[in-house]
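These notes are about the structure you will find just below.
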Amino acid sequence: MKRSASDKAGQLVIAVLLSLLCFSVIYPFLYMLAISLNVGSDAAKGGVYLWPRQFTLDNFRIVLGNQIIRHAYWITIARTIAGTVVGLLVTLLAAFGLSYRSLPLRGTLLGYVLVTMLFSGGLIPFYIQLHDLSLLNSFWVYIVPSAFSAWNMFVMLKFIQGIPEALIESAEMDGAHPFRVLWSIVLPLSKPMLAALGLFTGVMHWNDWFAGAFFVSNQSLIPVQTFLQQLLSAQDISAVLGSNNNVEAIARGSSLANVTLMSVKMATVMVSAIPILCVYPFLQRYFVKGVLIGSVKG
């Protein structure tokens, strides 16, 4: 079909606006990458915007060579993996159980879960509850409170209710118990939705700094995002290096002289952001499919 001049002009305007929008989203990331790959003393002079003017890897060597950052990185990885697995397991089991219309007190349970989405006790009661459960200053403070999400459960519930009842009824007539139905029918059909919810949950755990800042005082238990939050408010590079900087970095006196607090901050941001960006392309196919299915069935 031949387009008119007005249609072509409209398409051009849309393309330009979308390009500007994409650039506004990508540019901060490119700026931080350029600063992290540039000599700190040179970047402090200004003029580094899209690519490094004096390329160096010293900033990343210092960040990755610091014992505190490496340990915080492993805490974040462990938290993300464990939190995502536990969250998906709890969400799937709760949604599958509540999908049975014959479940006793089903309406009451659904109403109770719905209330938690609308009202919250606040931060102080939540802190007291964590204290009473002995979760403060422990690794499980990252896992247990976020194991159940009412929103994720309702999305998963709507998805399971969209599965043809004939499949479940036929399995039950053949003698399959509920866990067999869950394992053989519901779980295989729910992979796209689980991938979408898993990506949401994993990104939440990876980016969360709040729990480590307010519920953990032991520095050996803080995740990398909490360390980054502390780093961004630091005024001296000694807050980054401390007494745990690696021996090689100390030996390179000339290299350390060219490192600034800002360049190390940017390198830490990149180290914390790149892994989750690398995971997303592998889950994008399931993510898009799961979101579309959840939106249609919801």
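Chain labels run A, B, ... following the order of the structure tokens; each chain numbers its residues from 1, and ligands are numbered from 1 in the order shown.
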Long-range neighbours of Thr226 of chain A as a VMD selection string, 6 Å cut-off, only C-alpha atoms, 5 positions minimum in chain: chain A and resid 209 212 to 213
Please produce a file of the residues just selected, as a PDB file, in the first residue's frame, where the atoms kept are C-alpha atoms.
```
ATOM      1  CA  TRP A 209      19.826  -2.038  48.798  1.00  0.00           C
ATOM      2  CA  GLY A 212      21.089  -4.409  53.644  1.00  0.00           C
ATOM      3  CA  ALA A 213      21.119  -0.781  54.761  1.00  0.00           C
TER       4      ALA A 213
END
```
Give me the residues of segment 24-117 of chain A that have any atom at most 12 Å from an atom of segment 153-169 of chain A; for each, the nearest atom pair and the distance in Å, rounded to one decimal. Use only C-alpha atoms, sort by chain and number, and format it as JSON lines.
```
{"residue": "A:Gly87", "atom": "CA", "partner": "A:Met153", "partner_atom": "CA", "distance": 9.9}
{"residue": "A:Leu88", "atom": "CA", "partner": "A:Met153", "partner_atom": "CA", "distance": 9.2}
{"residue": "A:Leu89", "atom": "CA", "partner": "A:Met153", "partner_atom": "CA", "distance": 10.6}
{"residue": "A:Val90", "atom": "CA", "partner": "A:Met153", "partner_atom": "CA", "distance": 8.7}
{"residue": "A:Thr91", "atom": "CA", "partner": "A:Met153", "partner_atom": "CA", "distance": 5.2}
{"residue": "A:Leu92", "atom": "CA", "partner": "A:Met156", "partner_atom": "CA", "distance": 6.9}
{"residue": "A:Leu93", "atom": "CA", "partner": "A:Met153", "partner_atom": "CA", "distance": 9.1}
{"residue": "A:Ala94", "atom": "CA", "partner": "A:Met153", "partner_atom": "CA", "distance": 6.9}
{"residue": "A:Ala95", "atom": "CA", "partner": "A:Leu157", "partner_atom": "CA", "distance": 4.6}
{"residue": "A:Phe96", "atom": "CA", "partner": "A:Leu157", "partner_atom": "CA", "distance": 6.7}
{"residue": "A:Gly97", "atom": "CA", "partner": "A:Leu157", "partner_atom": "CA", "distance": 9.0}
{"residue": "A:Leu98", "atom": "CA", "partner": "A:Leu157", "partner_atom": "CA", "distance": 7.3}
{"residue": "A:Ser99", "atom": "CA", "partner": "A:Leu157", "partner_atom": "CA", "distance": 6.2}
{"residue": "A:Tyr100", "atom": "CA", "partner": "A:Gln161", "partner_atom": "CA", "distance": 8.8}
{"residue": "A:Arg101", "atom": "CA", "partner": "A:Gln161", "partner_atom": "CA", "distance": 9.9}
{"residue": "A:Leu110", "atom": "CA", "partner": "A:Phe154", "partner_atom": "CA", "distance": 9.0}
{"residue": "A:Gly111", "atom": "CA", "partner": "A:Phe154", "partner_atom": "CA", "distance": 11.4}
{"residue": "A:Val113", "atom": "CA", "partner": "A:Phe154", "partner_atom": "CA", "distance": 9.1}
{"residue": "A:Leu114", "atom": "CA", "partner": "A:Phe154", "partner_atom": "CA", "distance": 8.9}
{"residue": "A:Met117", "atom": "CA", "partner": "A:Phe154", "partner_atom": "CA", "distance": 10.6}
```
How many Å separate atom CA of Tyr280 of chain A from atom CA of Val216 of chain A? 28.8 Å
I need the helix (DSSP H, G or I) residues of segment 25-265 of chain A per DSSP on the backbone, written as number ranges by chain. A: 25-36, 40-43, 58-65, 67-98, 106-118, 123-132, 139-141, 150-161, 165-173, 178-189, 191-207, 210-214, 219-221, 224-232, 238-241, 247-251, 253-257, 261-265
Close residues, segment 36-50 of chain A itself excluded, 10 Å, only C-alpha atoms, min 2 positions apart in chain, as a ChimeraX atom specification: /A:27-34,52-60,255-271
